[in-house]
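Novice: The structure file coords-v7.cif (mmCIF, C-alpha atoms) is provided below.
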```cif
data_work
#
loop_
_atom_site.label_atom_id
_atom_site.label_comp_id
_atom_site.auth_asym_id
_atom_site.auth_seq_id
_atom_site.Cartn_x
_atom_site.Cartn_y
_atom_site.Cartn_z
CA MET A 1 -29.91 11.58 20.92
CA ASP A 2 -29.12 9.03 23.63
CA LEU A 3 -25.40 8.25 23.62
CA TYR A 4 -24.71 8.16 27.37
CA GLY A 5 -22.39 5.28 28.27
CA LYS A 6 -21.93 4.27 24.64
CA SER A 7 -18.77 4.11 22.57
CA PHE A 8 -18.19 6.22 19.47
CA LEU A 9 -16.58 3.93 16.91
CA LYS A 10 -17.88 4.41 13.35
CA MET A 11 -20.57 6.33 11.50
CA THR A 12 -22.60 3.24 10.63
CA ASP A 13 -23.36 2.90 14.36
CA LEU A 14 -25.08 6.29 14.50
CA SER A 15 -28.56 7.36 13.43
CA ALA A 16 -29.21 10.60 11.57
CA ASP A 17 -30.64 12.00 14.83
CA ASP A 18 -27.46 11.05 16.69
CA ILE A 19 -25.31 12.86 14.13
CA THR A 20 -27.56 15.92 14.03
CA GLY A 21 -27.68 16.02 17.84
CA LEU A 22 -23.89 15.95 18.07
CA ILE A 23 -23.58 18.76 15.51
CA GLU A 24 -26.04 20.89 17.48
CA LEU A 25 -24.30 20.11 20.78
CA SER A 26 -20.94 21.02 19.21
CA ALA A 27 -22.35 24.38 18.13
CA ARG A 28 -23.75 25.03 21.61
CA LEU A 29 -20.49 24.17 23.37
CA LYS A 30 -18.53 26.25 20.87
CA ASP A 31 -20.80 29.23 21.52
CA GLU A 32 -20.36 28.85 25.28
CA LYS A 33 -16.58 28.79 24.92
CA LYS A 34 -16.56 31.83 22.62
CA ARG A 35 -18.64 33.74 25.17
CA GLY A 36 -16.22 32.80 27.96
CA LEU A 37 -18.70 30.67 29.91
CA SER A 38 -17.12 28.11 32.24
CA GLN A 39 -17.62 24.44 31.42
CA LEU A 40 -15.40 23.15 34.22
CA ASP A 41 -18.25 21.51 36.14
CA TYR A 42 -19.57 19.49 33.21
CA LEU A 43 -17.34 16.45 33.83
CA LYS A 44 -15.25 17.58 36.77
CA GLY A 45 -13.16 14.85 38.35
CA LYS A 46 -13.35 12.44 35.40
CA ASN A 47 -10.20 10.90 33.92
CA ILE A 48 -9.62 9.71 30.36
CA ALA A 49 -6.82 7.78 28.65
CA LEU A 50 -5.59 8.83 25.20
CA ILE A 51 -3.95 5.95 23.29
CA PHE A 52 -2.06 7.13 20.21
CA GLU A 53 -0.45 4.40 18.11
CA LYS A 54 -0.48 7.00 15.31
CA THR A 55 0.61 10.48 16.35
CA SER A 56 -1.55 13.54 15.68
CA THR A 57 -1.62 17.28 16.23
CA ARG A 58 -5.33 18.08 15.96
CA THR A 59 -6.77 14.94 17.55
CA ARG A 60 -4.50 14.99 20.59
CA CYS A 61 -4.87 18.73 21.19
CA SER A 62 -8.63 18.54 20.68
CA PHE A 63 -9.08 15.79 23.25
CA GLU A 64 -6.75 17.42 25.78
CA VAL A 65 -8.25 20.91 25.53
CA ALA A 66 -11.82 19.56 25.46
CA ALA A 67 -11.17 17.47 28.56
CA HIS A 68 -9.45 20.36 30.38
CA ASP A 69 -12.31 22.74 29.59
CA MET A 70 -14.78 20.32 31.18
CA GLY A 71 -12.72 19.73 34.34
CA MET A 72 -11.20 16.40 33.34
CA THR A 73 -7.65 15.07 33.43
CA THR A 74 -5.93 13.14 30.62
CA THR A 75 -3.20 10.52 30.44
CA TYR A 76 -1.43 10.36 27.06
CA LEU A 77 -0.02 7.02 25.91
CA ASP A 78 2.14 7.22 22.80
CA PRO A 79 3.41 4.17 20.84
CA SER A 80 6.22 3.68 23.37
CA GLY A 81 4.03 4.35 26.40
CA SER A 82 1.79 1.30 26.22
CA GLN A 83 2.16 -2.45 25.83
CA ILE A 84 -1.13 -2.67 23.93
CA GLY A 85 -1.07 -5.54 21.47
CA LYS A 86 2.63 -6.25 22.18
CA LYS A 87 3.18 -7.58 25.70
CA GLU A 88 -0.48 -7.28 26.65
CA SER A 89 -3.52 -8.19 24.60
CA ILE A 90 -6.11 -5.62 23.53
CA LYS A 91 -8.68 -7.38 25.70
CA ASP A 92 -6.50 -7.27 28.81
CA THR A 93 -5.46 -3.66 28.18
CA ALA A 94 -9.12 -2.67 27.87
CA ARG A 95 -10.04 -4.32 31.17
CA VAL A 96 -7.12 -2.69 32.98
CA LEU A 97 -7.71 0.83 31.64
CA GLY A 98 -11.45 0.50 32.11
CA ARG A 99 -10.86 0.07 35.85
CA MET A 100 -8.75 3.25 36.04
CA PHE A 101 -10.36 5.64 33.57
CA ASP A 102 -13.83 6.94 32.79
CA GLY A 103 -13.25 6.92 29.04
CA ILE A 104 -10.64 5.82 26.50
CA GLU A 105 -9.63 7.35 23.16
CA TYR A 106 -7.81 5.21 20.58
CA ARG A 107 -6.03 6.39 17.44
CA GLY A 108 -4.20 3.77 15.45
CA PHE A 109 -4.55 1.02 12.91
CA GLY A 110 -7.25 -1.63 12.43
CA GLN A 111 -10.89 -0.96 13.32
CA GLU A 112 -10.96 -4.30 15.11
CA ILE A 113 -8.65 -2.87 17.79
CA VAL A 114 -10.95 -0.03 18.83
CA GLU A 115 -13.95 -2.38 18.59
CA GLN A 116 -12.28 -4.84 20.96
CA LEU A 117 -11.33 -2.05 23.37
CA ALA A 118 -14.97 -0.99 23.47
CA GLN A 119 -16.15 -4.57 23.97
CA TYR A 120 -14.07 -5.12 27.10
CA ALA A 121 -13.37 -1.70 28.66
CA GLY A 122 -16.73 -1.14 30.33
CA VAL A 123 -16.42 2.62 29.70
CA PRO A 124 -16.98 4.73 26.56
CA VAL A 125 -14.29 4.30 23.91
CA TRP A 126 -13.82 6.94 21.20
CA ASN A 127 -12.27 6.26 17.81
CA GLY A 128 -9.73 9.01 17.11
CA LEU A 129 -8.89 7.37 13.76
CA THR A 130 -8.44 3.87 12.39
CA ASN A 131 -7.58 2.66 8.91
CA GLU A 132 -11.27 2.20 8.18
CA SER A 133 -13.01 5.02 10.03
CA HIS A 134 -12.58 8.60 11.29
CA PRO A 135 -15.86 9.45 13.05
CA THR A 136 -14.71 12.35 15.23
CA GLN A 137 -13.64 14.22 12.08
CA MET A 138 -17.13 13.82 10.65
CA ILE A 139 -18.89 15.86 13.34
CA ALA A 140 -16.36 18.67 12.92
CA ASP A 141 -16.75 18.60 9.15
CA MET A 142 -20.54 18.73 9.23
CA LEU A 143 -20.46 21.55 11.80
CA THR A 144 -18.14 23.50 9.49
CA ILE A 145 -20.38 22.99 6.46
CA LYS A 146 -23.47 24.07 8.37
CA GLU A 147 -21.69 27.19 9.65
CA HIS A 148 -20.63 28.25 6.15
CA LEU A 149 -23.54 27.08 4.00
CA GLY A 150 -26.36 27.26 6.53
CA LYS A 151 -27.60 23.75 5.79
CA LEU A 152 -26.61 20.11 5.27
CA LYS A 153 -29.54 18.46 3.51
CA GLY A 154 -29.22 18.81 -0.26
CA VAL A 155 -25.57 19.92 -0.17
CA ARG A 156 -23.51 18.54 -3.08
CA PHE A 157 -20.37 17.15 -1.43
CA VAL A 158 -17.44 16.04 -3.61
CA TYR A 159 -14.57 13.97 -2.23
CA MET A 160 -11.51 13.82 -4.50
CA GLY A 161 -8.60 11.43 -4.09
CA ASP A 162 -8.25 8.02 -2.44
CA ALA A 163 -11.81 7.16 -1.34
CA ARG A 164 -11.09 3.61 -0.13
CA TYR A 165 -10.22 4.22 3.49
CA ASN A 166 -11.22 6.13 6.64
CA MET A 167 -12.08 9.53 5.17
CA GLY A 168 -13.87 8.35 2.04
CA ASN A 169 -15.78 5.69 3.98
CA SER A 170 -16.84 7.97 6.82
CA LEU A 171 -17.78 10.95 4.65
CA MET A 172 -19.86 8.82 2.29
CA VAL A 173 -21.88 7.27 5.13
CA THR A 174 -22.29 10.58 6.98
CA CYS A 175 -23.46 12.48 3.91
CA ALA A 176 -25.91 9.72 3.01
CA LYS A 177 -27.43 9.71 6.51
CA LEU A 178 -27.88 13.50 6.43
CA GLY A 179 -29.59 13.69 3.05
CA MET A 180 -26.58 15.13 1.23
CA ASP A 181 -25.46 14.33 -2.33
CA PHE A 182 -22.10 12.59 -1.96
CA VAL A 183 -19.77 12.19 -4.94
CA ALA A 184 -16.53 10.21 -4.88
CA CYS A 185 -14.35 11.51 -7.70
CA THR A 186 -11.30 9.36 -8.31
CA ASN A 187 -9.70 6.60 -10.35
CA LYS A 188 -12.06 3.59 -10.32
CA ASP A 189 -9.43 1.53 -8.49
CA TYR A 190 -9.78 3.98 -5.60
CA PHE A 191 -13.57 3.84 -5.22
CA PRO A 192 -14.94 2.91 -1.76
CA ASP A 193 -15.76 -0.69 -0.88
CA SER A 194 -18.79 -1.85 -2.86
CA HIS A 195 -20.60 -3.24 0.20
CA LEU A 196 -20.28 0.09 2.01
CA VAL A 197 -21.43 1.92 -1.12
CA GLU A 198 -24.60 -0.19 -1.16
CA TYR A 199 -25.16 0.54 2.54
CA ALA A 200 -24.74 4.28 1.93
CA LYS A 201 -27.08 4.22 -1.07
CA LYS A 202 -29.80 2.58 1.04
CA GLN A 203 -29.35 5.28 3.68
CA ALA A 204 -29.51 7.98 0.99
CA ASP A 205 -32.76 6.49 -0.34
CA ILE A 206 -34.27 7.03 3.11
CA THR A 207 -32.99 10.58 3.62
CA GLY A 208 -33.34 11.95 0.09
CA GLY A 209 -29.61 12.10 -0.55
CA SER A 210 -27.55 10.33 -3.18
CA VAL A 211 -24.24 8.51 -3.68
CA THR A 212 -22.32 8.83 -6.95
CA LEU A 213 -18.96 7.39 -8.03
CA THR A 214 -17.25 8.98 -11.03
CA GLU A 215 -13.85 9.36 -12.67
CA SER A 216 -14.81 12.71 -14.24
CA VAL A 217 -13.71 15.85 -12.40
CA GLU A 218 -16.05 18.02 -14.46
CA GLU A 219 -19.04 15.79 -13.78
CA ALA A 220 -18.26 15.61 -10.07
CA CYS A 221 -17.49 19.27 -9.42
CA THR A 222 -20.23 20.86 -11.52
CA GLY A 223 -22.46 22.64 -9.02
CA ALA A 224 -20.45 21.39 -6.04
CA ASP A 225 -21.06 23.09 -2.68
CA VAL A 226 -18.13 21.36 -0.95
CA ILE A 227 -14.91 19.99 -2.44
CA TYR A 228 -12.89 17.89 -0.02
CA THR A 229 -9.60 16.05 -0.26
CA ASP A 230 -7.03 14.30 1.90
CA VAL A 231 -3.39 13.21 1.60
CA TRP A 232 -2.70 10.57 -1.05
CA VAL A 233 -0.59 8.39 1.25
CA SER A 234 -1.61 7.85 4.86
CA MET A 235 0.51 7.35 7.96
CA GLY A 236 1.95 3.86 8.24
CA GLU A 237 1.92 3.15 4.51
CA PRO A 238 5.26 2.28 2.83
CA GLU A 239 7.16 4.91 0.89
CA ASN A 240 7.08 2.82 -2.29
CA VAL A 241 3.35 3.50 -2.82
CA TRP A 242 3.96 7.19 -3.63
CA LYS A 243 4.80 6.60 -7.30
CA GLU A 244 1.62 4.58 -7.87
CA ARG A 245 -0.60 7.05 -5.98
CA ILE A 246 0.79 10.10 -7.76
CA LYS A 247 0.22 8.53 -11.17
CA ALA A 248 -3.34 7.45 -10.31
CA LEU A 249 -4.48 10.49 -8.32
CA LYS A 250 -2.74 13.49 -9.91
CA PRO A 251 -5.77 14.05 -12.22
CA TYR A 252 -7.83 14.46 -9.04
CA GLN A 253 -5.77 17.22 -7.48
CA VAL A 254 -8.00 20.02 -6.18
CA ASN A 255 -7.01 23.08 -8.21
CA GLU A 256 -8.58 26.20 -9.65
CA LYS A 257 -9.89 24.30 -12.66
CA ALA A 258 -11.81 21.91 -10.41
CA LEU A 259 -13.21 24.86 -8.43
CA SER A 260 -14.26 26.61 -11.66
CA TYR A 261 -16.97 23.97 -12.18
CA ALA A 262 -18.38 24.43 -8.69
CA SER A 263 -20.95 26.84 -7.29
CA ASP A 264 -19.81 30.38 -6.53
CA SER A 265 -20.15 29.72 -2.80
CA VAL A 266 -18.18 26.44 -2.84
CA ILE A 267 -16.00 25.74 0.18
CA PHE A 268 -12.76 23.73 0.14
CA MET A 269 -12.10 21.34 3.02
CA HIS A 270 -9.17 19.15 4.11
CA CYS A 271 -8.73 17.26 7.38
CA LEU A 272 -4.99 18.14 7.43
CA PRO A 273 -2.06 17.91 7.31
CA ALA A 274 -1.94 18.96 3.64
CA PHE A 275 0.88 18.84 1.11
CA HIS A 276 0.25 22.14 -0.68
CA ASP A 277 3.78 23.61 -0.67
CA LEU A 278 7.41 22.72 0.08
CA ASP A 279 7.35 23.76 3.74
CA THR A 280 7.41 20.17 5.04
CA THR A 281 10.13 17.52 5.03
CA ILE A 282 7.92 15.06 3.15
CA GLY A 283 6.86 17.74 0.69
CA ARG A 284 10.49 18.50 -0.14
CA GLN A 285 11.31 14.81 -0.48
CA ILE A 286 8.44 14.28 -2.90
CA ASN A 287 9.54 17.35 -4.87
CA GLU A 288 13.10 16.02 -5.16
CA LYS A 289 11.93 12.55 -6.22
CA TYR A 290 8.89 13.30 -8.37
CA GLY A 291 9.15 17.00 -9.22
CA LEU A 292 5.84 17.99 -7.59
CA ARG A 293 5.57 21.26 -5.65
CA GLU A 294 1.96 20.50 -4.62
CA MET A 295 0.06 17.26 -4.30
CA GLU A 296 -3.59 16.71 -3.37
CA VAL A 297 -4.35 20.45 -3.39
CA THR A 298 -2.64 23.46 -4.90
CA ASP A 299 -1.38 26.24 -2.66
CA GLU A 300 -3.62 28.65 -4.56
CA VAL A 301 -6.74 26.75 -3.46
CA PHE A 302 -5.49 25.95 0.04
CA GLU A 303 -4.74 29.61 0.78
CA GLY A 304 -7.60 30.96 -1.32
CA PRO A 305 -10.95 32.53 -0.38
CA HIS A 306 -12.91 29.26 -0.64
CA SER A 307 -10.72 27.43 1.89
CA VAL A 308 -12.21 26.83 5.34
CA VAL A 309 -9.60 24.33 6.52
CA PHE A 310 -8.66 26.22 9.68
CA ASP A 311 -12.28 26.70 10.76
CA GLU A 312 -12.58 22.96 10.21
CA ALA A 313 -9.46 22.28 12.29
CA GLU A 314 -10.74 24.41 15.18
CA ASN A 315 -14.06 22.59 15.08
CA ARG A 316 -12.30 19.31 15.86
CA MET A 317 -12.01 20.52 19.46
CA HIS A 318 -15.62 21.63 19.78
CA SER A 319 -16.99 18.45 18.21
CA ILE A 320 -14.78 16.15 20.27
CA LYS A 321 -15.94 18.02 23.36
CA ALA A 322 -19.52 17.28 22.31
CA ILE A 323 -18.74 13.57 21.75
CA ILE A 324 -17.14 13.24 25.20
CA TYR A 325 -19.99 15.15 26.85
CA ALA A 326 -22.73 13.16 25.10
CA THR A 327 -21.23 9.79 26.04
CA MET A 328 -20.21 10.65 29.62
CA LYS A 329 -22.71 13.19 30.98
CA LYS A 330 -25.84 11.78 32.63
#
```
Give the structure from this file in structure tokens form.
Specialist:
Amino acid sequence: MDLYGKSFLKMTDLSADDITGLIELSARLKDEKKRGLSQLDYLKGKNIALIFEKTSTRTRCSFEVAAHDMGMTTTYLDPSGSQIGKKESIKDTARVLGRMFDGIEYRGFGQEIVEQLAQYAGVPVWNGLTNESHPTQMIADMLTIKEHLGKLKGVRFVYMGDARYNMGNSLMVTCAKLGMDFVACTNKDYFPDSHLVEYAKKQADITGGSVTLTESVEEACTGADVIYTDVWVSMGEPENVWKERIKALKPYQVNEKALSYASDSVIFMHCLPAFHDLDTTIGRQINEKYGLREMEVTDEVFEGPHSVVFDEAENRMHSIKAIIYATMKK
């Protein structure tokens, strides 16, 4: 793994060795933290900028804690704290911040924005999430699977729900590169982009994995080692898409019936936040409008013995620490 000085933008940029190296580094840094070993000298004196055009709990906290643990300082720029793309171009913003900071995180909308930041900043740029890609989540997810199942190669990984965007895209490519059997289980209108599917299938041919697209929950989940889902409507999408998504994706809710087809040791994963009860404002609004108490996952599964979502959430911090370290430490 040789990522020093490079940006971390999407999973298609990384080799299988890069991904495996980051997973192993995440595990090592996690172990050090659990044992109370100081990491303050790893990147002491470095400064990073955190640009959040889309807000986040896990991503922001992960970057801030990871940076603090390694002796760094952070500057947080929320949607009102930066002129990026409004009064100042992406290119100019990148060249300004690159003179002041040692690294830049971006979480927002189009992939082209983070790509342009990386092109002009002159320092490592990390993709905290775009519409098309969510690479930092991938390292955390693979670390979590390895911790619970003891392996990655040969794991049957099922993604249920809207597989067209950042999570479906990134998980498909990652699984293919690691020799896993990836299954997208959803309405055919919500399958991943065909060009990316072909790319992932070529990667899977090399690694011994596979890529399958199906509308059948039984076919997908039979023998599954991992069942994964995400919210049906992402941040920034209009409210009027809820009716369409609920109609199309309700058959792909992760529930006890779906889990009944899976292996006895199956784990349930979700990148969060999840709409599994009525304890959120949006959850209550959806309940009032559409009569649903749960959406992409039932509360029974989310709170059940197969759920590892909070291990997964914690691992965001350890994996992001590894990504920063690998791209900034000589």
Novice: Please list as a VMD selection string every residue within 9 Å of range 166-170 of chain A, counting all atoms listed in the file and excluding residues in the same chain fewer than 6 positions away.
Specialist: chain A and resid 10 to 12 129 to 135 137 to 138 159 to 160 184 191 to 193 196 to 197 229 to 230 271
Novice: For Cys175 in chain A, work out the shell of residues within 10 Å, counting only C-alpha atoms and skipping chain neighbours fewer than 5 positions away, then give it as a list in words.
Specialist: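 So the residues in contact are Ala16, Met138, Met142, Leu152, Lys153, Gly154, Val155, Arg156, Phe157, Ser170, Met180, Asp181, Phe182, Val183, Ala200, Gln203, Ala204, Thr207, Gly209, Ser210 and Val211 of chain A.
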Novice: Closest to Ala224 in chain A among A:Lys250, A:Lys34, A:Phe268, A:Phe8, using all atoms listed in the file?
Specialist: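 For Ala224 in chain A, the nearest of the candidates is A:Phe268.
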Novice: Take CA of His306 in chain A and CA of Ser265 in chain A and report the distance between them in Å, one decimal.
Specialist: 7.6 Å
Novice: Just want the 10 Å neighbourhood of Thr55 in chain A, counted on only C-alpha atoms, with same-chain residues fewer than 2 positions away dropped. Output as number ranges by chain.
Specialist: A: 51-53, 57-60, 78-79, 107-108, 235
Novice: Figure out the distance between CA of Lys91 in chain A and CA of Ala66 in chain A, please, to one decimal in Å.
Specialist: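 Computed distance, CA of Ala66 in chain A to CA of Lys91 in chain A, equals 27.1 Å.
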Novice: By how many Å are CA of Val123 in chain A and CA of Met328 in chain A apart?
Specialist: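 Separation between CA of Val123 in chain A and CA of Met328 in chain A: 8.9 Å.
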Novice: Decode the PyMOL selection byres ((chain A and resi 274) around 8) for the given file into explicit residues and return them as a list of chain:residue names.
Specialist: A:Asp230, A:Val231, A:His270, A:Cys271, A:Leu272, A:Pro273, A:Phe275, A:His276, A:Glu296, A:Val297
Novice: With distances taken over all atoms listed in the file, which residue among A:Thr174, A:Gln253, A:Thr280, A:Thr144 lies nearest Asp17 in chain A?
Specialist: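 With all atoms listed in the file as the atom set, the closest residue is A:Thr174.
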Novice: Would you please work out which residue, of A:Asp299, A:Glu312, A:Asp277, A:Glu237, is nearest to Phe109 in chain A when using only C-alpha atoms?
Specialist: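 Ranked by minimum distance to Phe109 in chain A, first place goes to A:Glu237.
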Novice: Output, as JSON, the centre and edge lengths in Å (one decimal) of the axis-aligned box that contains all listed atoms of range 154-161 of chain A with 4 Å of margin on each side.
Specialist:
```
{"center_x": -18.9, "center_y": 15.7, "center_z": -2.3, "size_x": 28.6, "size_y": 16.5, "size_z": 12.3}
```
Novice: Find the residue from A:Ile320, A:Leu249, A:Ile48, A:Val266 that sits nearest to Ser62 in chain A; use all atoms listed in the file when measuring.
Specialist: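 Of A:Ile320, A:Leu249, A:Ile48, A:Val266, the one nearest Ser62 in chain A is A:Ile320, counting all atoms listed in the file.
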Novice: Decode the PyMOL selection byres ((chain A and resi 68) around 12) for the given file into explicit residues and return them as a ChimeraX atom specification.
Specialist: /A:38-48,61-67,69-75,317,321,324
Novice: Please tell me which residues are no farther than 10 Å from (-18.1, 25.2, 20.5) in the file, counting all atoms listed in the file, and write them as a PyMOL selection string.
Specialist: chain A and resi 23-35+66+143+314-322
Novice: Nearest to Trp232 in chain A among A:Leu259, A:Ala163, A:Leu77, A:Val217, with distances taken over only C-alpha atoms: which residue is it?
Specialist: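 Selected residue with least distance to Trp232 in chain A: A:Ala163.
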Novice: Under the PyMOL selection byres ((chain A and resi 127) around 6), which residues of this model are included? Write them out as a list in words.
Specialist: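 Selection result, ordered by chain and number: Leu9, Tyr106, Trp126, Gly128 and Leu129 of chain A.
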Novice: Please produce an output containing C-alpha atoms for each residue in the selection, written as a tab-separated table (two decimals), in the frame of the given file.
Specialist:
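Written out: part.tsv:
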```
chain	number	residue	atom	x	y	z
A	9	LEU	CA	-16.58	3.93	16.91
A	106	TYR	CA	-7.81	5.21	20.58
A	126	TRP	CA	-13.82	6.94	21.20
A	128	GLY	CA	-9.73	9.01	17.11
A	129	LEU	CA	-8.89	7.37	13.76
```
Novice: Rank A:Glu239, A:Glu219, A:Glu303, A:Glu294 by their smallest atom-to-atom distance to Ala262 in chain A, using all atoms listed in the file, and report the top residue only.
Specialist: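 Looking at the shortest contact to Ala262 in chain A, the residue is A:Glu219.
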Novice: Using only C-alpha atoms, determine which residues lie at most 10 Å from Ser260 in chain A, disregarding the query and same-chain residues fewer than 4 positions distant; provide the list as a PyMOL selection string.
Specialist: chain A and resi 218+221-224+255-256+264+266
